[in-house]
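Undergrad: Dropping a structure here in structure tokens format, bear with me for questions.
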Number of protein chains: 2
Amino acid sequence: MNQKQLQSEQTRKRIADAARALFTQKGYKATSIEDIVSATGSSKGNIYYHFKSKEGLFLYLVEEWDQEWTQNWKNNVHHYRTTAEKLYGMAELLAADDLNHPLTKAADEFFRQEEKTSEAESRLAELMGEHLAFNEKLLQEGIDSGELGPHDAKRLAYVLESLFFGVSQLARGFNRDQVPILYRDAVAVFLTGVTSQKQKQLPL
Amino acid sequence: MNQKQLQSEQTRKRIADAARALFTQKGYKATSIEDIVSATGSSKGNIYYHFKSKEGLFLYLVEEWDQEWTQNWKNNVHHYRTTAEKLYGMAELLAADDLNHPLTKAADEFFRQEEKTSEAESRLAELMGEHLAFNEKLLQEGIDSGELGPHDAKRLAYVLESLFFGVSQLARGFNRDQVPILYRDAVAVFLTGVTSQKQKQLPL
DNA sequence: GTTCATACTGAACGTTCGTTCAGTATTGTA
DNA sequence: TACAATACTGAACGAACGTTCAGTATGAAC
């Protein structure tokens with residue numbers, strides 16, 4: 001790779017990283033291109049050289065989040081045996097990222113505003129669906145193995161998603177060391193709520 | 001009361017109601033004064049005659065939400081005996097209001113944007129604190145009576161708040177009849193998670 | 001019927017926003 | 001060194017925003 005190509009890629013990354021932090025902090029609408037200019041030192045035009053539009057930049061970030069999260073999970077999943085361990089693992093990973101939940105947060109705001117490309121709309125819906133399917137699969141495995149009670153995995157997936165989403169929102173106002181505690185509390189309550197009667201020895 | 005005063009009050013209410021629906025649907029920033037003008041038929045100037053500013057209007061709505069919720073709760077609380085019933089009751093009330101959670105939703109977005117009066121900021125923080133205190137008190141009663149296990153009520157209050165907040169967000173994309181199901185599922189999981197071992201007969 | 005406070009209008013304002021583009025700098029290529 | 005492609009700049013744009021205000025309509029008070 002060229003020096004030029006390398007530098008270009010670094011610039012692209014610098015913009016993406018700054019935008020990611022800003023979107024997470026301030027939300028989609030409240031983050032302006034000017035904010036990103038200030039945070040990066042790049043010019044306005046340069047941002048539009050690297051990304052098609054504000055929406056395109058956001059969509060790129062969401063895809064990136066999704067991939068990072070998937071990768072991160074794959075790297076760690078072999079540490080966990082039971083569903084309980086997996087859920088606590090998820091909580092830990094989510095708490096560690098200060099950007100928290102990869103999809104549902106800024107995406108939610110973006111989702112409900114009217115003006116957006118139908119391409120962006122459908123892609124986001126797709127990712128959201130995949131994410132819920134991931135939750136459902138994890139829970140279904142726990143149910144099948146008898147670790148969790150005979151619940152409806154699809155409905156539980158919504159509850160779990162709600163819980164994690166809510167925690168990630170509430171955690172924004174917390175001190176850094178309180179965040180993992182809230183995540184763990186949440187998972188503990190959830191797990192006790194769904195674990196089968198036969199095996200009620202929870203970790204922690 | 002005069003005919004004029006009455007009509008003025010009706011106009012004020014018409015503006016407030018429309019604004020409430022719009023803020024809930026689209027969020028704070030994405031709702032423009034022009035949107036409210038379109039929804040009410042009132043003029044821009046008239047909105048500023050009745051309310052100090054967009055922020056003032058929003059703050060008024062939050063106070064109104066808070067009062068309505070408190071009143072609604074007081075009207076219904078005598079139907080519920082146990083903590084479990086109270087939580088299911090809360091879920092039902094929240095699900096019934098399509099505006100859902102009175103404080104945490106649009107307020108969260110409003111909260112994290114920088115430009116806002118310090119008056120608005122502190123008032124919002126105050127209301128949020130009261131709301132968490134309400135959760136905590138309810139849970140503490142359950143713990144004291146032995147219905148719930150010996151948990152930390154303050155920490156549980158955060159978990160419950162997260163759960164309800166998450167559910168209210170996720171529920172936005174749902175069909176009307178699915179919403180109460182999600183709320184009930186959430187409370188069921190939460191309750192099973194926190195109920196003491198001695199009395200594991202849950203309602204539902 | 002005249003007076004007056006109240007209720008309301010809508011054009012205009014100053015900002016801020018996302019986006020564009022003509023032009024410049026920098027680097028790879030021949 | 002000359003040329004071309006890529007990377008970047010920043011002024012300028014039109015649209016949208018929250019807010020203001022001089023002016024008008026309306027019902028209450030006398």
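If you're wondering about the labels, chains in the structure tokens are A, B, ... by order shown, residues count from 1 in each chain, ligands from 1 in order shown.
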Show me a table, sorted first by chain and then by increasing residue number, of the residues of chain A having an atom at most 6 Å from chain B, each with its shortest atom pair and the distance in Å to one decimal, counting only C-alpha atoms and written as a Markdown table.
TA:
```
| residue | atom | partner | partner_atom | distance |
| --- | --- | --- | --- | --- |
| A:Lys26 | CA | B:Gln113 | CA | 6.0 |
| A:Gln113 | CA | B:Lys26 | CA | 5.9 |
| A:Val159 | CA | B:Ala186 | CA | 5.5 |
| A:Ser162 | CA | B:Gly166 | CA | 4.0 |
| A:Leu163 | CA | B:Leu163 | CA | 4.5 |
| A:Phe165 | CA | B:Gly166 | CA | 5.3 |
| A:Gly166 | CA | B:Gly166 | CA | 4.0 |
| A:Val167 | CA | B:Ser162 | CA | 4.9 |
| A:Ala186 | CA | B:Val159 | CA | 5.4 |
| A:Val189 | CA | B:Gly193 | CA | 4.5 |
| A:Phe190 | CA | B:Gly193 | CA | 5.9 |
| A:Thr192 | CA | B:Gly193 | CA | 4.3 |
| A:Gly193 | CA | B:Gly193 | CA | 3.7 |
```
Undergrad: Find the residues in chain A near chain C: any atom within 8 Å counts, using only C-alpha atoms (C1' of nucleotides). Write them as a PyMOL selection string.
TA: chain A and resi 4+32-33+54
Undergrad: With a cut-off of 8 Å and counting only C-alpha atoms (C1' of nucleotides), select all residues of chain D in contact with chain B and give the selection as an NGL selection string.
TA: :D and (17-18 or 27)
Undergrad: Enumerate the residues of chain A with a DSSP assignment of alpha helix (DSSP H), computed from the backbone, and present them as a compact mmCIF listing (two decimals) with N, CA and C atoms, in the first residue's frame.
TA:
```
# COMPACT_ATOMS: atom_id res chain seq x y z
N GLN A 3 2.09 5.22 0.50
CA GLN A 3 2.05 6.13 1.64
C GLN A 3 0.78 6.97 1.57
N LYS A 4 0.44 7.31 0.34
CA LYS A 4 -0.74 8.14 0.13
C LYS A 4 -2.02 7.41 0.53
N GLN A 5 -2.13 6.19 0.07
CA GLN A 5 -3.29 5.38 0.41
C GLN A 5 -3.40 5.17 1.91
N LEU A 6 -2.22 4.96 2.52
CA LEU A 6 -2.19 4.73 3.95
C LEU A 6 -2.67 5.95 4.73
N GLN A 7 -2.16 7.10 4.28
CA GLN A 7 -2.53 8.34 4.95
C GLN A 7 -4.02 8.63 4.78
N SER A 8 -4.49 8.32 3.58
CA SER A 8 -5.91 8.52 3.29
C SER A 8 -6.77 7.65 4.20
N GLU A 9 -6.32 6.43 4.38
CA GLU A 9 -7.08 5.51 5.22
C GLU A 9 -7.06 5.97 6.68
N GLN A 10 -5.92 6.51 7.07
CA GLN A 10 -5.83 7.03 8.44
C GLN A 10 -6.79 8.19 8.65
N THR A 11 -6.84 9.07 7.66
CA THR A 11 -7.76 10.20 7.73
C THR A 11 -9.20 9.72 7.84
N ARG A 12 -9.52 8.77 6.99
CA ARG A 12 -10.86 8.19 7.01
C ARG A 12 -11.20 7.63 8.39
N LYS A 13 -10.23 6.98 8.98
CA LYS A 13 -10.43 6.39 10.30
C LYS A 13 -10.58 7.47 11.36
N ARG A 14 -9.76 8.54 11.20
CA ARG A 14 -9.82 9.63 12.18
C ARG A 14 -11.21 10.27 12.17
N ILE A 15 -11.72 10.46 10.96
CA ILE A 15 -13.07 11.02 10.84
C ILE A 15 -14.11 10.09 11.45
N ALA A 16 -14.00 8.82 11.08
CA ALA A 16 -14.98 7.84 11.57
C ALA A 16 -14.98 7.76 13.09
N ASP A 17 -13.79 7.73 13.67
CA ASP A 17 -13.70 7.60 15.13
C ASP A 17 -14.31 8.80 15.84
N ALA A 18 -13.96 9.98 15.33
CA ALA A 18 -14.50 11.20 15.94
C ALA A 18 -16.02 11.23 15.82
N ALA A 19 -16.50 10.89 14.64
CA ALA A 19 -17.94 10.90 14.40
C ALA A 19 -18.65 9.90 15.31
N ARG A 20 -18.01 8.76 15.47
CA ARG A 20 -18.60 7.73 16.32
C ARG A 20 -18.78 8.24 17.75
N ALA A 21 -17.72 8.85 18.27
CA ALA A 21 -17.79 9.38 19.63
C ALA A 21 -18.87 10.45 19.75
N LEU A 22 -18.93 11.31 18.74
CA LEU A 22 -19.89 12.41 18.80
C LEU A 22 -21.33 11.92 18.69
N PHE A 23 -21.58 11.01 17.74
CA PHE A 23 -22.93 10.46 17.60
C PHE A 23 -23.37 9.78 18.90
N THR A 24 -22.44 9.06 19.51
CA THR A 24 -22.76 8.36 20.74
C THR A 24 -23.07 9.34 21.86
N GLN A 25 -22.25 10.39 21.93
CA GLN A 25 -22.44 11.37 22.99
C GLN A 25 -23.69 12.22 22.80
N LYS A 26 -23.83 12.77 21.59
CA LYS A 26 -24.82 13.81 21.38
C LYS A 26 -26.05 13.36 20.61
N ILE A 33 -21.79 18.33 11.13
CA ILE A 33 -20.55 18.13 10.38
C ILE A 33 -19.48 19.06 10.94
N GLU A 34 -19.90 20.25 11.33
CA GLU A 34 -18.97 21.20 11.92
C GLU A 34 -18.33 20.64 13.19
N ASP A 35 -19.10 19.93 13.97
CA ASP A 35 -18.56 19.27 15.16
C ASP A 35 -17.44 18.32 14.79
N ILE A 36 -17.68 17.56 13.74
CA ILE A 36 -16.70 16.57 13.30
C ILE A 36 -15.46 17.28 12.75
N VAL A 37 -15.68 18.38 12.05
CA VAL A 37 -14.56 19.20 11.57
C VAL A 37 -13.69 19.64 12.75
N SER A 38 -14.36 20.17 13.78
CA SER A 38 -13.62 20.63 14.96
C SER A 38 -12.85 19.50 15.62
N ALA A 39 -13.47 18.34 15.68
CA ALA A 39 -12.86 17.22 16.40
C ALA A 39 -11.70 16.59 15.63
N THR A 40 -11.70 16.74 14.32
CA THR A 40 -10.68 16.06 13.53
C THR A 40 -9.60 16.99 13.00
N LYS A 44 -14.35 20.50 5.99
CA LYS A 44 -15.68 20.01 5.63
C LYS A 44 -15.63 19.20 4.35
N GLY A 45 -14.99 19.78 3.37
CA GLY A 45 -14.92 19.13 2.07
C GLY A 45 -14.28 17.75 2.15
N ASN A 46 -13.31 17.64 3.00
CA ASN A 46 -12.59 16.37 3.12
C ASN A 46 -13.49 15.26 3.65
N ILE A 47 -14.35 15.63 4.55
CA ILE A 47 -15.30 14.66 5.09
C ILE A 47 -16.19 14.14 3.96
N TYR A 48 -16.60 15.06 3.10
CA TYR A 48 -17.45 14.67 1.98
C TYR A 48 -16.65 14.01 0.86
N TYR A 49 -15.34 14.13 0.94
CA TYR A 49 -14.51 13.36 0.01
C TYR A 49 -14.48 11.89 0.44
N HIS A 50 -14.47 11.68 1.74
CA HIS A 50 -14.35 10.31 2.24
C HIS A 50 -15.71 9.63 2.45
N LYS A 54 -23.84 12.75 5.50
CA LYS A 54 -23.92 12.49 6.93
C LYS A 54 -24.58 11.15 7.18
N GLU A 55 -25.64 10.91 6.45
CA GLU A 55 -26.32 9.62 6.58
C GLU A 55 -25.40 8.46 6.21
N GLY A 56 -24.67 8.64 5.13
CA GLY A 56 -23.74 7.60 4.70
C GLY A 56 -22.68 7.33 5.74
N LEU A 57 -22.19 8.39 6.35
CA LEU A 57 -21.20 8.24 7.42
C LEU A 57 -21.78 7.47 8.59
N PHE A 58 -22.98 7.83 8.94
CA PHE A 58 -23.63 7.15 10.07
C PHE A 58 -23.84 5.67 9.78
N LEU A 59 -24.32 5.39 8.58
CA LEU A 59 -24.56 4.01 8.19
C LEU A 59 -23.26 3.21 8.19
N TYR A 60 -22.19 3.85 7.72
CA TYR A 60 -20.88 3.21 7.74
C TYR A 60 -20.49 2.83 9.17
N LEU A 61 -20.75 3.75 10.10
CA LEU A 61 -20.40 3.51 11.49
C LEU A 61 -21.21 2.36 12.09
N VAL A 62 -22.46 2.33 11.73
CA VAL A 62 -23.31 1.26 12.25
C VAL A 62 -22.81 -0.09 11.77
N GLU A 63 -22.47 -0.16 10.48
CA GLU A 63 -21.92 -1.41 9.93
C GLU A 63 -20.63 -1.77 10.67
N GLU A 64 -19.81 -0.76 10.91
CA GLU A 64 -18.55 -0.99 11.60
C GLU A 64 -18.78 -1.51 13.02
N TRP A 65 -19.72 -0.85 13.73
CA TRP A 65 -20.08 -1.31 15.06
C TRP A 65 -20.47 -2.77 15.03
N ASP A 66 -21.33 -3.08 14.09
CA ASP A 66 -21.87 -4.42 14.00
C ASP A 66 -20.75 -5.44 13.81
N GLN A 67 -19.86 -5.13 12.91
CA GLN A 67 -18.75 -6.04 12.63
C GLN A 67 -17.83 -6.18 13.84
N GLU A 68 -17.52 -5.06 14.46
CA GLU A 68 -16.65 -5.10 15.64
C GLU A 68 -17.25 -5.94 16.74
N TRP A 69 -18.54 -5.72 16.93
CA TRP A 69 -19.23 -6.45 17.99
C TRP A 69 -19.21 -7.95 17.70
N THR A 70 -19.53 -8.32 16.49
CA THR A 70 -19.52 -9.72 16.08
C THR A 70 -18.13 -10.33 16.29
N GLN A 71 -17.12 -9.60 15.86
CA GLN A 71 -15.75 -10.07 15.99
C GLN A 71 -15.36 -10.24 17.45
N ASN A 72 -15.69 -9.22 18.21
CA ASN A 72 -15.38 -9.21 19.63
C ASN A 72 -16.03 -10.39 20.32
N TRP A 73 -17.24 -10.68 19.94
CA TRP A 73 -17.96 -11.79 20.53
C TRP A 73 -17.30 -13.11 20.16
N LYS A 74 -16.97 -13.24 18.91
CA LYS A 74 -16.33 -14.48 18.45
C LYS A 74 -14.99 -14.72 19.16
N ASN A 75 -14.30 -13.64 19.44
CA ASN A 75 -13.02 -13.76 20.13
C ASN A 75 -13.18 -14.21 21.59
N ASN A 76 -14.34 -13.94 22.15
CA ASN A 76 -14.50 -14.20 23.57
C ASN A 76 -15.42 -15.36 23.90
N THR A 83 -25.06 -20.62 29.35
CA THR A 83 -25.77 -19.42 28.90
C THR A 83 -25.58 -18.29 29.90
N ALA A 84 -25.58 -18.65 31.16
CA ALA A 84 -25.36 -17.64 32.20
C ALA A 84 -24.02 -16.95 32.00
N GLU A 85 -22.99 -17.74 31.78
CA GLU A 85 -21.67 -17.16 31.55
C GLU A 85 -21.66 -16.30 30.30
N LYS A 86 -22.37 -16.76 29.28
CA LYS A 86 -22.43 -15.97 28.05
C LYS A 86 -23.07 -14.61 28.27
N LEU A 87 -24.15 -14.62 29.05
CA LEU A 87 -24.84 -13.36 29.30
C LEU A 87 -23.98 -12.41 30.13
N TYR A 88 -23.33 -12.97 31.13
CA TYR A 88 -22.42 -12.12 31.91
C TYR A 88 -21.27 -11.62 31.03
N GLY A 89 -20.86 -12.48 30.12
CA GLY A 89 -19.82 -12.07 29.18
C GLY A 89 -20.27 -10.92 28.31
N MET A 90 -21.50 -11.03 27.80
CA MET A 90 -22.06 -9.94 27.00
C MET A 90 -22.08 -8.65 27.79
N ALA A 91 -22.54 -8.77 29.04
CA ALA A 91 -22.63 -7.59 29.90
C ALA A 91 -21.26 -6.94 30.06
N GLU A 92 -20.25 -7.79 30.26
CA GLU A 92 -18.89 -7.28 30.44
C GLU A 92 -18.41 -6.55 29.20
N LEU A 93 -18.63 -7.18 28.05
CA LEU A 93 -18.20 -6.56 26.80
C LEU A 93 -18.91 -5.23 26.56
N LEU A 94 -20.20 -5.22 26.83
CA LEU A 94 -20.96 -4.00 26.62
C LEU A 94 -20.50 -2.90 27.57
N ALA A 95 -20.26 -3.28 28.80
CA ALA A 95 -19.83 -2.29 29.79
C ALA A 95 -18.45 -1.74 29.47
N ALA A 96 -17.60 -2.59 28.90
CA ALA A 96 -16.23 -2.17 28.59
C ALA A 96 -16.21 -1.11 27.50
N THR A 104 -28.54 -0.14 18.84
CA THR A 104 -29.87 0.35 19.21
C THR A 104 -29.92 1.79 19.69
N LYS A 105 -28.77 2.36 20.02
CA LYS A 105 -28.82 3.66 20.70
C LYS A 105 -29.02 4.84 19.76
N ALA A 106 -27.96 5.26 19.12
CA ALA A 106 -28.12 6.38 18.19
C ALA A 106 -29.00 5.95 17.01
N ALA A 107 -28.96 4.65 16.74
CA ALA A 107 -29.76 4.13 15.64
C ALA A 107 -31.24 4.37 15.86
N ASP A 108 -31.65 4.26 17.10
CA ASP A 108 -33.06 4.45 17.40
C ASP A 108 -33.54 5.85 17.01
N GLU A 109 -32.73 6.82 17.37
CA GLU A 109 -33.08 8.20 17.00
C GLU A 109 -33.09 8.36 15.49
N PHE A 110 -32.08 7.81 14.88
CA PHE A 110 -31.99 7.88 13.42
C PHE A 110 -33.19 7.21 12.78
N PHE A 111 -33.61 6.12 13.41
CA PHE A 111 -34.67 5.30 12.87
C PHE A 111 -35.98 6.07 12.74
N ARG A 112 -36.28 6.85 13.74
CA ARG A 112 -37.62 7.42 13.77
C ARG A 112 -37.73 8.77 13.08
N SER A 118 -34.34 5.15 1.72
CA SER A 118 -34.98 3.87 1.96
C SER A 118 -33.91 2.78 2.07
N GLU A 119 -32.79 3.01 1.41
CA GLU A 119 -31.67 2.08 1.53
C GLU A 119 -31.20 2.00 2.98
N ALA A 120 -30.99 3.18 3.58
CA ALA A 120 -30.54 3.22 4.97
C ALA A 120 -31.57 2.57 5.88
N GLU A 121 -32.81 2.89 5.62
CA GLU A 121 -33.90 2.35 6.43
C GLU A 121 -33.89 0.83 6.43
N SER A 122 -33.86 0.25 5.26
CA SER A 122 -33.96 -1.21 5.17
C SER A 122 -32.71 -1.88 5.74
N ARG A 123 -31.56 -1.24 5.51
CA ARG A 123 -30.32 -1.83 6.03
C ARG A 123 -30.31 -1.85 7.56
N LEU A 124 -30.80 -0.78 8.12
CA LEU A 124 -30.86 -0.70 9.58
C LEU A 124 -31.82 -1.73 10.16
N ALA A 125 -32.97 -1.86 9.51
CA ALA A 125 -33.95 -2.85 9.96
C ALA A 125 -33.34 -4.24 9.90
N GLU A 126 -32.59 -4.47 8.85
CA GLU A 126 -31.94 -5.76 8.67
C GLU A 126 -30.98 -6.06 9.82
N LEU A 127 -30.13 -5.08 10.13
CA LEU A 127 -29.15 -5.27 11.19
C LEU A 127 -29.83 -5.49 12.54
N MET A 128 -30.88 -4.70 12.77
CA MET A 128 -31.62 -4.83 14.02
C MET A 128 -32.20 -6.24 14.14
N GLY A 129 -32.72 -6.74 13.05
CA GLY A 129 -33.29 -8.08 13.04
C GLY A 129 -32.24 -9.14 13.33
N GLU A 130 -31.09 -8.99 12.72
CA GLU A 130 -30.00 -9.93 12.97
C GLU A 130 -29.62 -9.95 14.44
N HIS A 131 -29.64 -8.77 15.02
CA HIS A 131 -29.23 -8.66 16.41
C HIS A 131 -30.23 -9.36 17.34
N LEU A 132 -31.49 -9.18 17.05
CA LEU A 132 -32.50 -9.87 17.85
C LEU A 132 -32.42 -11.37 17.65
N ALA A 133 -32.12 -11.78 16.42
CA ALA A 133 -31.98 -13.20 16.13
C ALA A 133 -30.82 -13.80 16.93
N PHE A 134 -29.77 -13.00 17.07
CA PHE A 134 -28.62 -13.44 17.87
C PHE A 134 -29.03 -13.70 19.32
N ASN A 135 -29.74 -12.74 19.89
CA ASN A 135 -30.25 -12.91 21.25
C ASN A 135 -31.10 -14.17 21.35
N GLU A 136 -31.98 -14.31 20.37
CA GLU A 136 -32.93 -15.42 20.42
C GLU A 136 -32.20 -16.76 20.38
N LYS A 137 -31.21 -16.84 19.51
CA LYS A 137 -30.46 -18.09 19.36
C LYS A 137 -29.76 -18.45 20.66
N LEU A 138 -29.13 -17.43 21.26
CA LEU A 138 -28.43 -17.67 22.52
C LEU A 138 -29.38 -18.18 23.59
N LEU A 139 -30.54 -17.56 23.66
CA LEU A 139 -31.50 -17.96 24.68
C LEU A 139 -32.08 -19.34 24.38
N GLN A 140 -32.32 -19.60 23.09
CA GLN A 140 -32.89 -20.89 22.69
C GLN A 140 -31.96 -22.04 23.09
N GLU A 141 -30.67 -21.81 22.90
CA GLU A 141 -29.69 -22.82 23.30
C GLU A 141 -29.78 -23.10 24.80
N GLY A 142 -29.93 -22.02 25.57
CA GLY A 142 -30.06 -22.18 27.00
C GLY A 142 -31.32 -22.95 27.38
N ILE A 143 -32.38 -22.70 26.64
CA ILE A 143 -33.65 -23.40 26.90
C ILE A 143 -33.52 -24.87 26.53
N ASP A 144 -32.94 -25.11 25.37
CA ASP A 144 -32.80 -26.49 24.89
C ASP A 144 -31.94 -27.33 25.83
N ALA A 153 -38.39 -18.24 23.44
CA ALA A 153 -37.10 -17.56 23.21
C ALA A 153 -37.28 -16.23 22.50
N LYS A 154 -38.21 -16.17 21.58
CA LYS A 154 -38.39 -14.93 20.81
C LYS A 154 -38.83 -13.79 21.71
N ARG A 155 -39.77 -14.10 22.59
CA ARG A 155 -40.26 -13.05 23.48
C ARG A 155 -39.20 -12.67 24.50
N LEU A 156 -38.47 -13.66 24.98
CA LEU A 156 -37.39 -13.35 25.92
C LEU A 156 -36.32 -12.48 25.27
N ALA A 157 -36.11 -12.72 23.98
CA ALA A 157 -35.10 -11.94 23.27
C ALA A 157 -35.45 -10.45 23.30
N TYR A 158 -36.72 -10.16 23.19
CA TYR A 158 -37.15 -8.75 23.25
C TYR A 158 -36.91 -8.18 24.64
N VAL A 159 -37.20 -8.98 25.64
CA VAL A 159 -36.98 -8.50 27.01
C VAL A 159 -35.50 -8.23 27.25
N LEU A 160 -34.68 -9.16 26.81
CA LEU A 160 -33.23 -9.00 27.00
C LEU A 160 -32.72 -7.77 26.26
N GLU A 161 -33.20 -7.61 25.04
CA GLU A 161 -32.80 -6.46 24.25
C GLU A 161 -33.22 -5.16 24.94
N SER A 162 -34.43 -5.14 25.44
CA SER A 162 -34.93 -3.96 26.16
C SER A 162 -34.04 -3.66 27.36
N LEU A 163 -33.72 -4.70 28.08
CA LEU A 163 -32.93 -4.53 29.30
C LEU A 163 -31.55 -3.95 28.98
N PHE A 164 -30.88 -4.54 28.02
CA PHE A 164 -29.54 -4.06 27.66
C PHE A 164 -29.59 -2.64 27.11
N PHE A 165 -30.59 -2.40 26.32
CA PHE A 165 -30.73 -1.06 25.76
C PHE A 165 -30.97 -0.03 26.86
N GLY A 166 -31.88 -0.36 27.75
CA GLY A 166 -32.17 0.54 28.86
C GLY A 166 -30.94 0.79 29.72
N VAL A 167 -30.23 -0.27 30.01
CA VAL A 167 -29.03 -0.13 30.83
C VAL A 167 -28.00 0.76 30.15
N SER A 168 -27.82 0.55 28.85
CA SER A 168 -26.82 1.34 28.14
C SER A 168 -27.18 2.82 28.15
N GLN A 169 -28.49 3.11 28.14
CA GLN A 169 -28.92 4.50 28.18
C GLN A 169 -28.70 5.09 29.57
N LEU A 170 -29.15 4.36 30.57
CA LEU A 170 -29.02 4.84 31.94
C LEU A 170 -27.56 5.00 32.34
N VAL A 179 -20.76 1.50 36.01
CA VAL A 179 -21.38 0.93 34.81
C VAL A 179 -21.39 -0.61 34.83
N PRO A 180 -20.24 -1.25 35.06
CA PRO A 180 -20.27 -2.72 35.06
C PRO A 180 -21.20 -3.28 36.13
N ILE A 181 -21.30 -2.58 37.25
CA ILE A 181 -22.18 -3.05 38.32
C ILE A 181 -23.63 -3.10 37.85
N LEU A 182 -24.05 -2.02 37.18
CA LEU A 182 -25.43 -1.98 36.68
C LEU A 182 -25.66 -3.10 35.67
N TYR A 183 -24.69 -3.31 34.79
CA TYR A 183 -24.83 -4.38 33.81
C TYR A 183 -24.96 -5.73 34.49
N ARG A 184 -24.10 -5.96 35.48
CA ARG A 184 -24.13 -7.25 36.17
C ARG A 184 -25.43 -7.44 36.94
N ASP A 185 -25.86 -6.39 37.62
CA ASP A 185 -27.14 -6.47 38.33
C ASP A 185 -28.26 -6.85 37.38
N ALA A 186 -28.25 -6.21 36.23
CA ALA A 186 -29.31 -6.44 35.25
C ALA A 186 -29.30 -7.90 34.79
N VAL A 187 -28.11 -8.41 34.47
CA VAL A 187 -28.02 -9.80 34.02
C VAL A 187 -28.40 -10.75 35.14
N ALA A 188 -28.00 -10.43 36.37
CA ALA A 188 -28.33 -11.29 37.50
C ALA A 188 -29.84 -11.41 37.66
N VAL A 189 -30.52 -10.27 37.60
CA VAL A 189 -31.98 -10.30 37.73
C VAL A 189 -32.59 -11.08 36.56
N PHE A 190 -32.11 -10.80 35.37
CA PHE A 190 -32.66 -11.49 34.20
C PHE A 190 -32.47 -12.99 34.32
N LEU A 191 -31.26 -13.39 34.66
CA LEU A 191 -30.94 -14.81 34.73
C LEU A 191 -31.77 -15.52 35.79
N THR A 192 -31.86 -14.93 36.97
CA THR A 192 -32.67 -15.53 38.01
C THR A 192 -34.11 -15.65 37.55
N GLY A 193 -34.50 -14.68 36.70
CA GLY A 193 -35.86 -14.68 36.21
C GLY A 193 -36.14 -15.77 35.19
N VAL A 194 -35.13 -16.24 34.49
CA VAL A 194 -35.39 -17.17 33.40
C VAL A 194 -34.76 -18.54 33.61
```
Undergrad: Rounded to one decimal place, report the atom CA of A:Leu148-atom CA of B:His151 distance in Å.
TA: 22.0 Å
